[in-house]
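**Q** Following this line is input_13.json, made up of JSON, C-alpha atoms:
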[["chain", "number", "residue", "atom", "x", "y", "z"],
["A", 70, "MET", "CA", 85.90, 74.75, 0.70],
["A", 71, "GLU", "CA", 82.45, 74.17, 2.19],
["A", 72, "GLU", "CA", 79.45, 75.35, 0.21],
["A", 73, "HIS", "CA", 77.58, 78.43, 1.33],
["A", 74, "LEU", "CA", 74.14, 78.04, 2.85],
["A", 75, "LEU", "CA", 72.90, 80.89, 0.63],
["A", 76, "GLU", "CA", 74.75, 82.40, -2.31],
["A", 77, "VAL", "CA", 73.31, 85.27, -4.36],
["A", 78, "LYS", "CA", 75.38, 86.07, -7.44],
["A", 79, "ASN", "CA", 74.88, 89.02, -9.79],
["A", 80, "LEU", "CA", 71.17, 89.30, -8.98],
["A", 81, "SER", "CA", 69.13, 91.75, -11.04],
["A", 82, "VAL", "CA", 65.46, 92.58, -10.53],
["A", 83, "SER", "CA", 63.41, 94.60, -13.03],
["A", 84, "PHE", "CA", 59.82, 95.80, -13.03],
["A", 85, "THR", "CA", 57.63, 96.11, -16.11],
["A", 86, "GLN", "CA", 55.61, 99.33, -16.19],
["A", 87, "TYR", "CA", 53.32, 100.99, -18.68],
["A", 88, "GLU", "CA", 53.80, 104.59, -19.76],
["A", 89, "HIS", "CA", 51.44, 106.69, -21.88],
["A", 90, "GLY", "CA", 48.87, 103.91, -22.14],
["A", 91, "THR", "CA", 50.36, 100.84, -23.82],
["A", 92, "ARG", "CA", 54.11, 101.50, -24.02],
["A", 93, "GLN", "CA", 56.07, 99.09, -21.83],
["A", 94, "THR", "CA", 59.22, 100.09, -19.97],
["A", 95, "LYS", "CA", 61.52, 98.09, -17.70],
["A", 96, "LEU", "CA", 62.90, 99.59, -14.52],
["A", 97, "GLN", "CA", 66.01, 97.79, -13.24],
["A", 98, "VAL", "CA", 65.81, 98.27, -9.49],
["A", 99, "ILE", "CA", 68.54, 95.79, -8.54],
["A", 100, "ARG", "CA", 71.68, 95.14, -10.57],
["A", 101, "GLY", "CA", 74.81, 93.25, -9.64],
["A", 102, "LEU", "CA", 73.72, 92.27, -6.14],
["A", 103, "ASP", "CA", 75.95, 89.70, -4.41],
["A", 104, "VAL", "CA", 75.78, 88.27, -0.90],
["A", 105, "THR", "CA", 76.53, 84.97, 0.86],
["A", 106, "VAL", "CA", 75.40, 83.45, 4.17],
["A", 107, "ASP", "CA", 77.04, 80.47, 5.85],
["A", 108, "PRO", "CA", 75.58, 78.14, 8.51],
["A", 109, "GLY", "CA", 75.88, 79.66, 11.97],
["A", 110, "GLU", "CA", 76.44, 83.15, 10.58],
["A", 111, "LEU", "CA", 74.47, 86.39, 10.77],
["A", 112, "VAL", "CA", 75.00, 88.58, 7.71],
["A", 113, "ALA", "CA", 73.56, 92.10, 7.75],
["A", 114, "VAL", "CA", 72.52, 93.73, 4.48],
["A", 115, "ILE", "CA", 72.75, 97.49, 4.96],
["A", 116, "GLY", "CA", 71.34, 100.19, 2.73],
["A", 117, "SER", "CA", 69.09, 103.23, 2.70],
["A", 118, "SER", "CA", 65.45, 103.14, 1.58],
["A", 119, "GLY", "CA", 65.17, 102.27, -2.10],
["A", 120, "SER", "CA", 68.47, 100.38, -2.24],
["A", 121, "GLY", "CA", 66.76, 97.04, -2.95],
["A", 122, "LYS", "CA", 67.06, 95.34, 0.44],
["A", 123, "SER", "CA", 63.51, 94.02, 0.72],
["A", 124, "LEU", "CA", 63.51, 92.96, -2.93],
["A", 125, "LEU", "CA", 66.50, 90.76, -2.14],
["A", 126, "ALA", "CA", 64.44, 89.03, 0.58],
["A", 127, "HIS", "CA", 61.48, 88.57, -1.75],
["A", 128, "ALA", "CA", 63.68, 87.23, -4.55],
["A", 129, "VAL", "CA", 65.17, 84.58, -2.27],
["A", 130, "MET", "CA", 61.72, 83.62, -0.97],
["A", 131, "GLY", "CA", 60.21, 83.58, -4.47],
["A", 132, "ILE", "CA", 57.52, 86.15, -3.65],
["A", 133, "LEU", "CA", 58.40, 88.99, -6.01],
["A", 134, "PRO", "CA", 55.42, 90.92, -7.45],
["A", 135, "TYR", "CA", 53.84, 89.61, -10.66],
["A", 136, "ASN", "CA", 55.36, 92.40, -12.78],
["A", 137, "ALA", "CA", 58.91, 91.71, -11.57],
["A", 138, "SER", "CA", 61.51, 89.58, -13.32],
["A", 139, "ALA", "CA", 64.82, 88.40, -11.88],
["A", 140, "SER", "CA", 68.09, 87.19, -13.36],
["A", 141, "GLY", "CA", 71.39, 86.02, -11.89],
["A", 142, "GLU", "CA", 71.88, 83.07, -9.54],
["A", 143, "ILE", "CA", 70.42, 82.22, -6.16],
["A", 144, "LEU", "CA", 71.90, 79.03, -4.70],
["A", 145, "TYR", "CA", 70.76, 77.31, -1.52],
["A", 146, "ARG", "CA", 73.13, 74.67, -0.15],
["A", 147, "GLY", "CA", 74.94, 74.62, -3.47],
["A", 148, "GLN", "CA", 71.88, 74.06, -5.68],
["A", 149, "ALA", "CA", 69.84, 76.54, -7.71],
["A", 150, "LEU", "CA", 66.84, 77.90, -5.82],
["A", 151, "THR", "CA", 64.30, 77.31, -8.59],
["A", 152, "PRO", "CA", 60.63, 78.32, -8.23],
["A", 153, "ASP", "CA", 59.68, 74.71, -7.44],
["A", 154, "ARG", "CA", 62.39, 74.46, -4.80],
["A", 155, "GLN", "CA", 61.36, 77.81, -3.32],
["A", 156, "ARG", "CA", 57.79, 76.56, -2.91],
["A", 157, "GLU", "CA", 59.05, 73.33, -1.34],
["A", 158, "LEU", "CA", 61.35, 75.04, 1.20],
["A", 159, "ARG", "CA", 59.47, 78.28, 1.88],
["A", 160, "GLY", "CA", 58.08, 78.36, 5.40],
["A", 161, "LYS", "CA", 60.04, 75.22, 6.32],
["A", 162, "GLU", "CA", 63.81, 75.30, 5.81],
["A", 163, "ILE", "CA", 63.76, 78.91, 4.61],
["A", 164, "VAL", "CA", 61.59, 81.32, 6.58],
["A", 165, "LEU", "CA", 60.89, 85.04, 6.43],
["A", 166, "VAL", "CA", 60.47, 87.27, 9.46],
["A", 167, "PRO", "CA", 58.64, 90.10, 7.67],
["A", 168, "GLN", "CA", 58.99, 93.82, 8.05],
["A", 169, "SER", "CA", 55.29, 94.47, 8.59],
["A", 170, "VAL", "CA", 53.31, 93.23, 11.58],
["A", 171, "SER", "CA", 50.34, 93.02, 9.21],
["A", 172, "TYR", "CA", 51.60, 89.52, 8.31],
["A", 173, "LEU", "CA", 49.83, 88.37, 11.47],
["A", 174, "ASP", "CA", 46.13, 87.63, 10.99],
["A", 175, "PRO", "CA", 44.26, 90.17, 13.15],
["A", 176, "LEU", "CA", 41.32, 87.76, 13.58],
["A", 177, "MET", "CA", 43.35, 84.76, 14.76],
["A", 178, "LYS", "CA", 44.82, 84.17, 18.19],
["A", 179, "VAL", "CA", 48.59, 84.12, 18.51],
["A", 180, "GLY", "CA", 48.85, 80.47, 19.52],
["A", 181, "GLU", "CA", 47.00, 79.29, 16.42],
["A", 182, "GLN", "CA", 49.25, 81.38, 14.18],
["A", 183, "VAL", "CA", 52.44, 80.05, 15.74],
["A", 184, "LYS", "CA", 51.19, 76.45, 15.47],
["A", 185, "ASN", "CA", 50.15, 77.12, 11.86],
["A", 186, "GLY", "CA", 47.30, 74.61, 11.81],
["A", 187, "ARG", "CA", 49.13, 71.72, 13.46],
["A", 188, "ARG", "CA", 47.52, 69.87, 16.32],
["A", 189, "GLY", "CA", 48.55, 67.61, 19.18],
["A", 190, "ALA", "CA", 49.93, 67.88, 22.71],
["A", 191, "GLY", "CA", 53.48, 67.88, 21.42],
["A", 192, "ILE", "CA", 52.78, 70.80, 19.10],
["A", 193, "ARG", "CA", 51.13, 72.83, 21.86],
["A", 194, "GLU", "CA", 54.03, 72.16, 24.22],
["A", 195, "LYS", "CA", 56.54, 73.15, 21.54],
["A", 196, "CYS", "CA", 54.60, 76.37, 20.88],
["A", 197, "ARG", "CA", 54.62, 77.28, 24.58],
["A", 198, "ARG", "CA", 58.30, 76.42, 24.89],
["A", 199, "ILE", "CA", 59.25, 78.64, 21.95],
["A", 200, "LEU", "CA", 57.09, 81.55, 23.11],
["A", 201, "GLY", "CA", 58.57, 81.17, 26.60],
["A", 202, "SER", "CA", 62.12, 81.27, 25.23],
["A", 203, "TYR", "CA", 61.33, 84.78, 23.93],
["A", 204, "GLY", "CA", 59.84, 85.94, 27.23],
["A", 205, "LEU", "CA", 56.21, 85.37, 26.22],
["A", 206, "GLY", "CA", 54.08, 83.52, 28.79],
["A", 207, "PRO", "CA", 51.45, 80.86, 28.00],
["A", 208, "GLU", "CA", 48.73, 83.53, 28.21],
["A", 209, "THR", "CA", 50.14, 84.98, 24.97],
["A", 210, "GLU", "CA", 48.59, 82.07, 23.07],
["A", 211, "SER", "CA", 45.08, 83.39, 23.69],
["A", 212, "LEU", "CA", 45.81, 86.99, 22.71],
["A", 213, "TYR", "CA", 45.01, 88.65, 19.38],
["A", 214, "PRO", "CA", 47.70, 90.67, 17.56],
["A", 215, "PHE", "CA", 46.10, 94.02, 18.51],
["A", 216, "GLN", "CA", 46.64, 93.11, 22.17],
["A", 217, "LEU", "CA", 50.41, 92.84, 21.72],
["A", 218, "SER", "CA", 53.02, 95.57, 22.14],
["A", 219, "GLY", "CA", 55.44, 96.25, 19.29],
["A", 220, "GLY", "CA", 58.19, 94.23, 20.94],
["A", 221, "MET", "CA", 55.85, 91.32, 21.65],
["A", 222, "THR", "CA", 54.69, 91.31, 18.04],
["A", 223, "ARG", "CA", 58.28, 91.05, 16.79],
["A", 224, "ARG", "CA", 58.92, 88.14, 19.14],
["A", 225, "VAL", "CA", 55.76, 86.39, 17.96],
["A", 226, "LEU", "CA", 56.91, 86.75, 14.35],
["A", 227, "ILE", "CA", 60.25, 85.20, 15.29],
["A", 228, "SER", "CA", 58.40, 82.41, 17.13],
["A", 229, "THR", "CA", 56.40, 81.53, 14.02],
["A", 230, "ALA", "CA", 59.70, 81.20, 12.14],
["A", 231, "VAL", "CA", 61.49, 79.17, 14.82],
["A", 232, "MET", "CA", 58.53, 76.77, 15.08],
["A", 233, "GLU", "CA", 59.66, 75.37, 11.72],
["A", 234, "GLU", "CA", 63.28, 74.79, 12.87],
["A", 235, "PRO", "CA", 64.63, 76.59, 9.80],
["A", 236, "ARG", "CA", 68.13, 76.44, 8.33],
["A", 237, "LEU", "CA", 67.93, 79.94, 6.80],
["A", 238, "VAL", "CA", 66.10, 82.89, 8.37],
["A", 239, "ILE", "CA", 65.58, 86.10, 6.41],
["A", 240, "ALA", "CA", 64.70, 88.99, 8.72],
["A", 241, "ASP", "CA", 63.41, 92.01, 6.81],
["A", 242, "GLU", "CA", 63.70, 95.17, 8.95],
["A", 243, "PRO", "CA", 62.66, 93.34, 12.14],
["A", 244, "THR", "CA", 63.18, 96.23, 14.58],
["A", 245, "PRO", "CA", 61.37, 99.37, 13.32],
["A", 246, "GLY", "CA", 59.55, 101.32, 16.02],
["A", 247, "LEU", "CA", 61.29, 99.51, 18.87],
["A", 248, "HIS", "CA", 63.32, 101.35, 21.49],
["A", 249, "LEU", "CA", 67.03, 100.50, 21.55],
["A", 250, "GLU", "CA", 66.99, 97.88, 24.30],
["A", 251, "ALA", "CA", 64.02, 96.03, 22.77],
["A", 252, "ALA", "CA", 65.68, 96.13, 19.35],
["A", 253, "LYS", "CA", 68.89, 94.70, 20.82],
["A", 254, "ARG", "CA", 66.93, 91.89, 22.45],
["A", 255, "VAL", "CA", 65.33, 91.03, 19.09],
["A", 256, "LEU", "CA", 68.76, 90.88, 17.46],
["A", 257, "GLY", "CA", 69.93, 88.72, 20.34],
["A", 258, "HIS", "CA", 67.18, 86.23, 19.47],
["A", 259, "PHE", "CA", 68.47, 86.04, 15.88],
["A", 260, "LYS", "CA", 71.99, 85.50, 17.20],
["A", 261, "GLU", "CA", 70.68, 82.58, 19.24],
["A", 262, "LEU", "CA", 69.42, 81.00, 16.02],
["A", 263, "THR", "CA", 72.93, 81.13, 14.54],
["A", 264, "GLU", "CA", 74.26, 79.45, 17.67],
["A", 265, "ARG", "CA", 71.95, 76.55, 16.82],
["A", 266, "GLY", "CA", 73.48, 76.35, 13.34],
["A", 267, "ALA", "CA", 71.01, 78.39, 11.28],
["A", 268, "GLY", "CA", 72.11, 81.15, 8.92],
["A", 269, "VAL", "CA", 70.45, 84.57, 9.30],
["A", 270, "LEU", "CA", 70.21, 87.26, 6.62],
["A", 271, "LEU", "CA", 69.35, 90.48, 8.46],
["A", 272, "ILE", "CA", 68.03, 93.27, 6.23],
["A", 273, "THR", "CA", 68.16, 96.69, 7.84],
["A", 274, "HIS", "CA", 68.98, 100.37, 7.36],
["A", 275, "ASP", "CA", 70.36, 100.65, 10.90],
["A", 276, "LEU", "CA", 74.10, 100.05, 10.67],
["A", 277, "GLU", "CA", 74.80, 100.84, 14.32],
["A", 278, "LEU", "CA", 72.26, 98.27, 15.49],
["A", 279, "ALA", "CA", 73.32, 95.63, 12.94],
["A", 280, "LEU", "CA", 76.91, 95.77, 14.15],
["A", 281, "GLU", "CA", 75.68, 94.58, 17.56],
["A", 282, "ALA", "CA", 75.08, 91.11, 16.13],
["A", 283, "ALA", "CA", 76.44, 90.76, 12.59],
["A", 284, "ASP", "CA", 79.39, 88.56, 11.67],
["A", 285, "ARG", "CA", 79.61, 90.14, 8.22],
["A", 286, "VAL", "CA", 78.05, 93.16, 6.53],
["A", 287, "ALA", "CA", 77.00, 93.59, 2.89],
["A", 288, "VAL", "CA", 76.54, 97.24, 1.91],
["A", 289, "LEU", "CA", 74.00, 98.09, -0.83],
["A", 290, "TYR", "CA", 73.76, 101.32, -2.76],
["A", 291, "ALA", "CA", 71.14, 101.93, -5.46],
["A", 292, "GLY", "CA", 70.44, 98.23, -5.88],
["A", 293, "MET", "CA", 74.08, 97.14, -6.07],
["A", 294, "THR", "CA", 76.44, 95.52, -3.57],
["A", 295, "VAL", "CA", 79.37, 97.91, -3.17],
["A", 296, "GLU", "CA", 81.17, 96.14, -0.32],
["A", 297, "GLU", "CA", 81.03, 92.95, 1.72],
["A", 298, "THR", "CA", 83.25, 92.77, 4.79],
["A", 299, "ASP", "CA", 83.51, 91.38, 8.30],
["A", 300, "SER", "CA", 81.88, 93.47, 10.99],
["A", 301, "GLY", "CA", 85.22, 94.06, 12.69],
["A", 302, "ALA", "CA", 86.23, 96.26, 9.74],
["A", 303, "PHE", "CA", 83.84, 98.92, 11.08],
["A", 304, "GLU", "CA", 86.02, 99.49, 14.15],
["A", 305, "LYS", "CA", 87.89, 102.15, 12.18],
["A", 306, "GLU", "CA", 87.39, 103.97, 8.89],
["A", 307, "GLU", "CA", 90.73, 102.92, 7.41],
["A", 308, "THR", "CA", 89.75, 99.23, 7.24],
["A", 309, "LEU", "CA", 86.65, 99.95, 5.12],
["A", 310, "ALA", "CA", 87.24, 99.77, 1.36],
["A", 311, "HIS", "CA", 84.41, 101.58, -0.45],
["A", 312, "PRO", "CA", 83.92, 105.37, -0.20],
["A", 313, "TYR", "CA", 80.19, 104.88, 0.51],
["A", 314, "THR", "CA", 80.90, 102.45, 3.36],
["A", 315, "ARG", "CA", 83.34, 104.95, 4.83],
["A", 316, "ALA", "CA", 80.66, 107.65, 4.48],
["A", 317, "LEU", "CA", 78.25, 105.43, 6.43],
["A", 318, "TRP", "CA", 80.90, 105.05, 9.13],
["A", 319, "ARG", "CA", 81.32, 108.84, 9.39],
["A", 320, "ALA", "CA", 77.52, 109.27, 9.57],
["A", 321, "MET", "CA", 77.28, 107.16, 12.75],
["A", 322, "PRO", "CA", 76.63, 109.25, 15.91],
["A", 323, "GLU", "CA", 79.90, 108.28, 17.59],
["A", 324, "HIS", "CA", 81.87, 109.32, 14.50],
["A", 325, "GLY", "CA", 80.49, 112.80, 14.06],
["A", 326, "PHE", "CA", 77.13, 112.36, 12.30],
["A", 327, "GLU", "CA", 78.72, 113.63, 9.06],
["A", 328, "ALA", "CA", 76.30, 113.51, 6.12],
["A", 329, "VAL", "CA", 77.34, 113.18, 2.47],
["A", 330, "PRO", "CA", 75.88, 115.82, 0.12],
["A", 331, "GLY", "CA", 73.41, 114.59, -2.50],
["A", 332, "THR", "CA", 70.97, 111.70, -2.65],
["A", 333, "GLN", "CA", 70.84, 108.15, -3.92],
["A", 334, "PRO", "CA", 69.96, 108.23, -7.65],
["A", 335, "TYR", "CA", 66.48, 107.36, -8.85],
["A", 336, "VAL", "CA", 66.27, 104.22, -10.95],
["A", 337, "LYS", "CA", 65.34, 106.17, -14.10],
["A", 338, "ALA", "CA", 68.37, 108.44, -13.71],
["A", 339, "MET", "CA", 70.99, 105.87, -12.80],
["A", 340, "PRO", "CA", 74.52, 106.98, -13.75],
["A", 341, "ALA", "CA", 76.76, 104.70, -15.80],
["A", 342, "GLY", "CA", 79.29, 102.65, -13.90],
["A", 343, "CYS", "CA", 79.45, 103.12, -10.15],
["A", 344, "PRO", "CA", 76.08, 104.45, -8.90],
["A", 345, "TYR", "CA", 77.87, 106.35, -6.12],
["A", 346, "ARG", "CA", 80.07, 108.23, -8.61],
["A", 347, "PRO", "CA", 78.12, 111.57, -8.61],
["A", 348, "ARG", "CA", 78.55, 111.85, -4.81],
["A", 349, "CYS", "CA", 81.99, 110.29, -4.45],
["A", 350, "PRO", "CA", 84.91, 112.58, -3.58],
["A", 351, "GLU", "CA", 87.30, 109.96, -4.99],
["A", 352, "ALA", "CA", 85.56, 109.56, -8.38],
["A", 353, "GLY", "CA", 87.80, 109.74, -11.43],
["A", 354, "PRO", "CA", 88.56, 108.14, -14.80],
["A", 355, "GLY", "CA", 87.17, 104.63, -15.10],
["A", 356, "CYS", "CA", 84.39, 105.07, -12.54],
["A", 357, "GLU", "CA", 81.87, 105.51, -15.38],
["A", 358, "GLN", "CA", 82.60, 101.98, -16.62],
["A", 359, "GLU", "CA", 81.12, 98.71, -15.38],
["A", 360, "ILE", "CA", 82.98, 97.71, -12.22],
["A", 361, "SER", "CA", 83.31, 94.15, -10.91],
["A", 362, "MET", "CA", 83.73, 93.03, -7.32],
["A", 363, "ARG", "CA", 87.38, 92.76, -6.23],
["A", 364, "LYS", "CA", 88.92, 90.96, -3.26],
["A", 365, "THR", "CA", 90.20, 92.95, -0.31],
["A", 366, "GLU", "CA", 91.95, 91.85, 2.87],
["A", 367, "ARG", "CA", 88.58, 91.84, 4.66],
["A", 368, "GLY", "CA", 86.16, 90.79, 1.91],
["A", 369, "LEU", "CA", 84.99, 92.22, -1.42],
["A", 370, "VAL", "CA", 84.56, 95.71, -2.87],
["A", 371, "ARG", "CA", 83.14, 97.17, -6.08],
["A", 372, "CYS", "CA", 85.54, 100.08, -6.52],
["A", 373, "ILE", "CA", 88.41, 100.56, -8.96],
["A", 374, "ARG", "CA", 90.69, 102.43, -6.57],
["A", 375, "SER", "CA", 90.05, 100.40, -3.45],
["A", 376, "GLY", "CA", 90.33, 97.19, -5.46],
["A", 377, "GLU", "CA", 93.64, 98.28, -6.96],
["A", 378, "GLU", "CA", 95.02, 99.17, -3.54],
["A", 379, "ALA", "CA", 93.98, 95.81, -2.14],
["A", 380, "ALA", "CA", 95.37, 93.96, -5.14],
["A", 381, "GLY", "CA", 98.66, 95.87, -4.88]]
What do you get writing this file as structure tokens?

**A**
Amino acid sequence: MEEHLLEVKNLSVSFTQYEHGTRQTKLQVIRGLDVTVDPGELVAVIGSSGSGKSLLAHAVMGILPYNASASGEILYRGQALTPDRQRELRGKEIVLVPQSVSYLDPLMKVGEQVKNGRRGAGIREKCRRILGSYGLGPETESLYPFQLSGGMTRRVLISTAVMEEPRLVIADEPTPGLHLEAAKRVLGHFKELTERGAGVLLITHDLELALEAADRVAVLYAGMTVEETDSGAFEKEETLAHPYTRALWRAMPEHGFEAVPGTQPYVKAMPAGCPYRPRCPEAGPGCEQEISMRKTERGLVRCIRSGEEAAG
């Protein structure tokens, strides 16, 4: 079996906070997060706000806040992604297309940011070629970020990543504020990267949009992976294993826009066992215990009942 390009196993991320002056507390925001990405594959990580999606991106890149600590395993091409290795590969083999357009320097022209300090005729030609491949003319080089539309800004951010010819691209909510057609074009650009052999980890809350391009989907709930499956499983509800994933399917516009009562639990009030248990219509004995990922016909699920059905 070939090694994964990226393998995240049992990742946990906690934050140290102070309460009542000097008393320290630890908030575990991510627990038991698993996801893999292979070369030439686009994997979408789906979850609502607060589910830990962006923290996953920052953990892989090695840019977690100073008061955060992580445990578990992050492997890149079969080897541990240590802090030294993260610094060595970050911005080269592993690149981040960030959520916020504020990552662009407002005082620097676009061309200089895409070239990232490199000089020479070859570099300038490569910059123009990459910008042109995303529908941005040579005049874009001399523009400042405030002169760009939202869609242009997203394409510039992708261009800065592609300039490095990366093997792994992590796209953190790359389409907010874009109309549907522009968002689809942005996803199409990420799909082109996979056709060149790169792996793409797409982090988004928009399931409907992600299914336009994803090969596989990892579903997060309250900082935990509850299901990982191929995108084709979303063609019908019966092929989805976890109750939360099926609830997401029913909440899509074409499936009735059906909302599940309740809200995702706050980190300080996390229930024991399955975090979806308080909202789950299928919850029962055993759901309050720690639950491991189980194999299904289409992937993996963290659910006692679905896992038992698949195993049987």

**Q** Point out the residue among A:Met293, A:Met177, A:Val255, A:Ile239 with the least atom-to-atom distance to A:Pro214, counting only C-alpha atoms.

**A**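 Among the listed residues, A:Met177 lies closest to A:Pro214.
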
**Q** Neighbouring residues of A:Gly141 were defined as those with any atom within 8 Å, considering all atoms listed in the file; residues of the same chain fewer than 2 positions away were excluded. Please report them as a PDB file with C-alpha atoms, keeping the file's coordinate frame.

**A**
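Produced file around_10.pdb, reproduced below:
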ATOM      1  CA  VAL A  77      73.310  85.270  -4.360  1.00  0.00           C
ATOM      2  CA  LYS A  78      75.380  86.070  -7.440  1.00  0.00           C
ATOM      3  CA  ASN A  79      74.880  89.020  -9.790  1.00  0.00           C
ATOM      4  CA  LEU A  80      71.170  89.300  -8.980  1.00  0.00           C
ATOM      5  CA  SER A  81      69.130  91.750 -11.040  1.00  0.00           C
ATOM      6  CA  ALA A 139      64.820  88.400 -11.880  1.00  0.00           C
ATOM      7  CA  ILE A 143      70.420  82.220  -6.160  1.00  0.00           C
TER       8      ILE A 143
END

**Q** So that I can check the surroundings of A:Arg371, please list as a list in words every protein, DNA and RNA residue that reaches within 8 Å of it, counting all atoms listed in the file and ignoring chain neighbours fewer than 3 positions away.

**A**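 Contacts, in chain order: Thr294, Val295, Glu296, His311, Ile360, Ser361, Met362, Arg363 and Gly376 of chain A.
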
**Q** Using all atoms listed in the file, can you tell me which of A:Val164, A:Ala149, A:Leu249, A:Leu309 comes closest to A:Thr365?

**A**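 Looking at the shortest contact to A:Thr365, the residue is A:Leu309.
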
**Q** Applying 6 Å and only C-alpha atoms, which residues near stretch 104-118 of chain A remain after dropping the ones on its own chain fewer than 2 positions away? List them as a ChimeraX atom specification.

**A** /A:73-77,120,263-264,266-274,283-289

**Q** Have a look at atom CA of A:Asp174 and atom CA of A:Lys122 and let me know their distance in Å, one decimal.

**A**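 That distance, rounded to one decimal, is 24.7 Å.
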
**Q** Grab the atom CA of A:Ala310 to atom CA of A:Met339 distance for me, in Å with one decimal place.

**A**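 According to the coordinates, atom CA of A:Ala310 and atom CA of A:Met339 are separated by 22.4 Å.
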
**Q** Mind working out the centre and edge lengths of an axis-aligned box for stretch 284-298 of chain A, all listed atoms inside, 8 Å added to each side, rounded to one decimal in Å and written as JSON?

**A**
{"center_x": 76.8, "center_y": 95.2, "center_z": 2.8, "size_x": 28.8, "size_y": 29.4, "size_z": 33.7}

**Q** Have a look at A:Ser123, A:Gly189, A:Gly331, A:Ala137 and name the one nearest to A:Gln97; count all atoms listed in the file.

**A** A:Ala137

**Q** Point out the residue among A:Gln182, A:Glu208, A:Lys253, A:Gly342 with the least atom-to-atom distance to A:Glu357, counting only C-alpha atoms.

**A**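 Looking only at the distances to A:Glu357, the closest residue turns out to be A:Gly342.
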
**Q** Between A:Pro207, A:Gly325, A:Pro312, A:Gly121, which residue has the minimum interatomic distance to A:Arg348, considering all atoms listed in the file?

**A** A:Pro312

**Q** Please determine, counting all atoms listed in the file, which residue among A:Thr308, A:Thr298, A:Ser138, A:Thr229 has the shortest atom-to-atom distance to A:Lys195.

**A**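 Between A:Thr308, A:Thr298, A:Ser138, A:Thr229, the residue approaching A:Lys195 most closely is A:Thr229.
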
**Q** So how many Å separate atom CA of A:Lys337 and atom CA of A:Leu96, to one decimal?

**A** 7.0 Å

**Q** Within 12 Å of (67.6, 78.0, 18.7) (coordinates as in the file), grab all the protein and nucleic acid residues, counting all atoms listed in the file, and write them out as a count of residues only.

**A** 29

**Q** With a distance cut-off of 12 Å and all atoms listed in the file, select the neighbouring residues of A:Leu158, excluding the residue or stretch itself and same-chain residues fewer than 2 positions from it, and output the selection as a list in words.

**A**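 Listing them by chain and then by number gives Val129, Met130, Gly131, Tyr145, Arg146, Leu150, Thr151, Pro152, Asp153, Arg154, Gln155, Arg156, Gly160, Lys161, Glu162, Ile163, Val164, Leu165, Glu233, Glu234, Pro235, Arg236, Leu237 and Val238 of chain A.
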
**Q** Would you kindly return, as a JSON list (two decimals) with C-alpha atoms, keeping the file's coordinate frame, each protein, DNA or RNA residue with an atom no farther than 9 Å from any atom of stretch 315-319 of chain A, considering all atoms listed in the file and excluding same-chain residues fewer than 5 positions away?

**A**
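Saved the output as result.json:
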[["chain", "number", "residue", "atom", "x", "y", "z"],
["A", 276, "LEU", "CA", 74.10, 100.05, 10.67],
["A", 303, "PHE", "CA", 83.84, 98.92, 11.08],
["A", 305, "LYS", "CA", 87.89, 102.15, 12.18],
["A", 306, "GLU", "CA", 87.39, 103.97, 8.89],
["A", 307, "GLU", "CA", 90.73, 102.92, 7.41],
["A", 308, "THR", "CA", 89.75, 99.23, 7.24],
["A", 309, "LEU", "CA", 86.65, 99.95, 5.12],
["A", 310, "ALA", "CA", 87.24, 99.77, 1.36],
["A", 324, "HIS", "CA", 81.87, 109.32, 14.50],
["A", 325, "GLY", "CA", 80.49, 112.80, 14.06],
["A", 326, "PHE", "CA", 77.13, 112.36, 12.30],
["A", 327, "GLU", "CA", 78.72, 113.63, 9.06],
["A", 328, "ALA", "CA", 76.30, 113.51, 6.12],
["A", 329, "VAL", "CA", 77.34, 113.18, 2.47]]
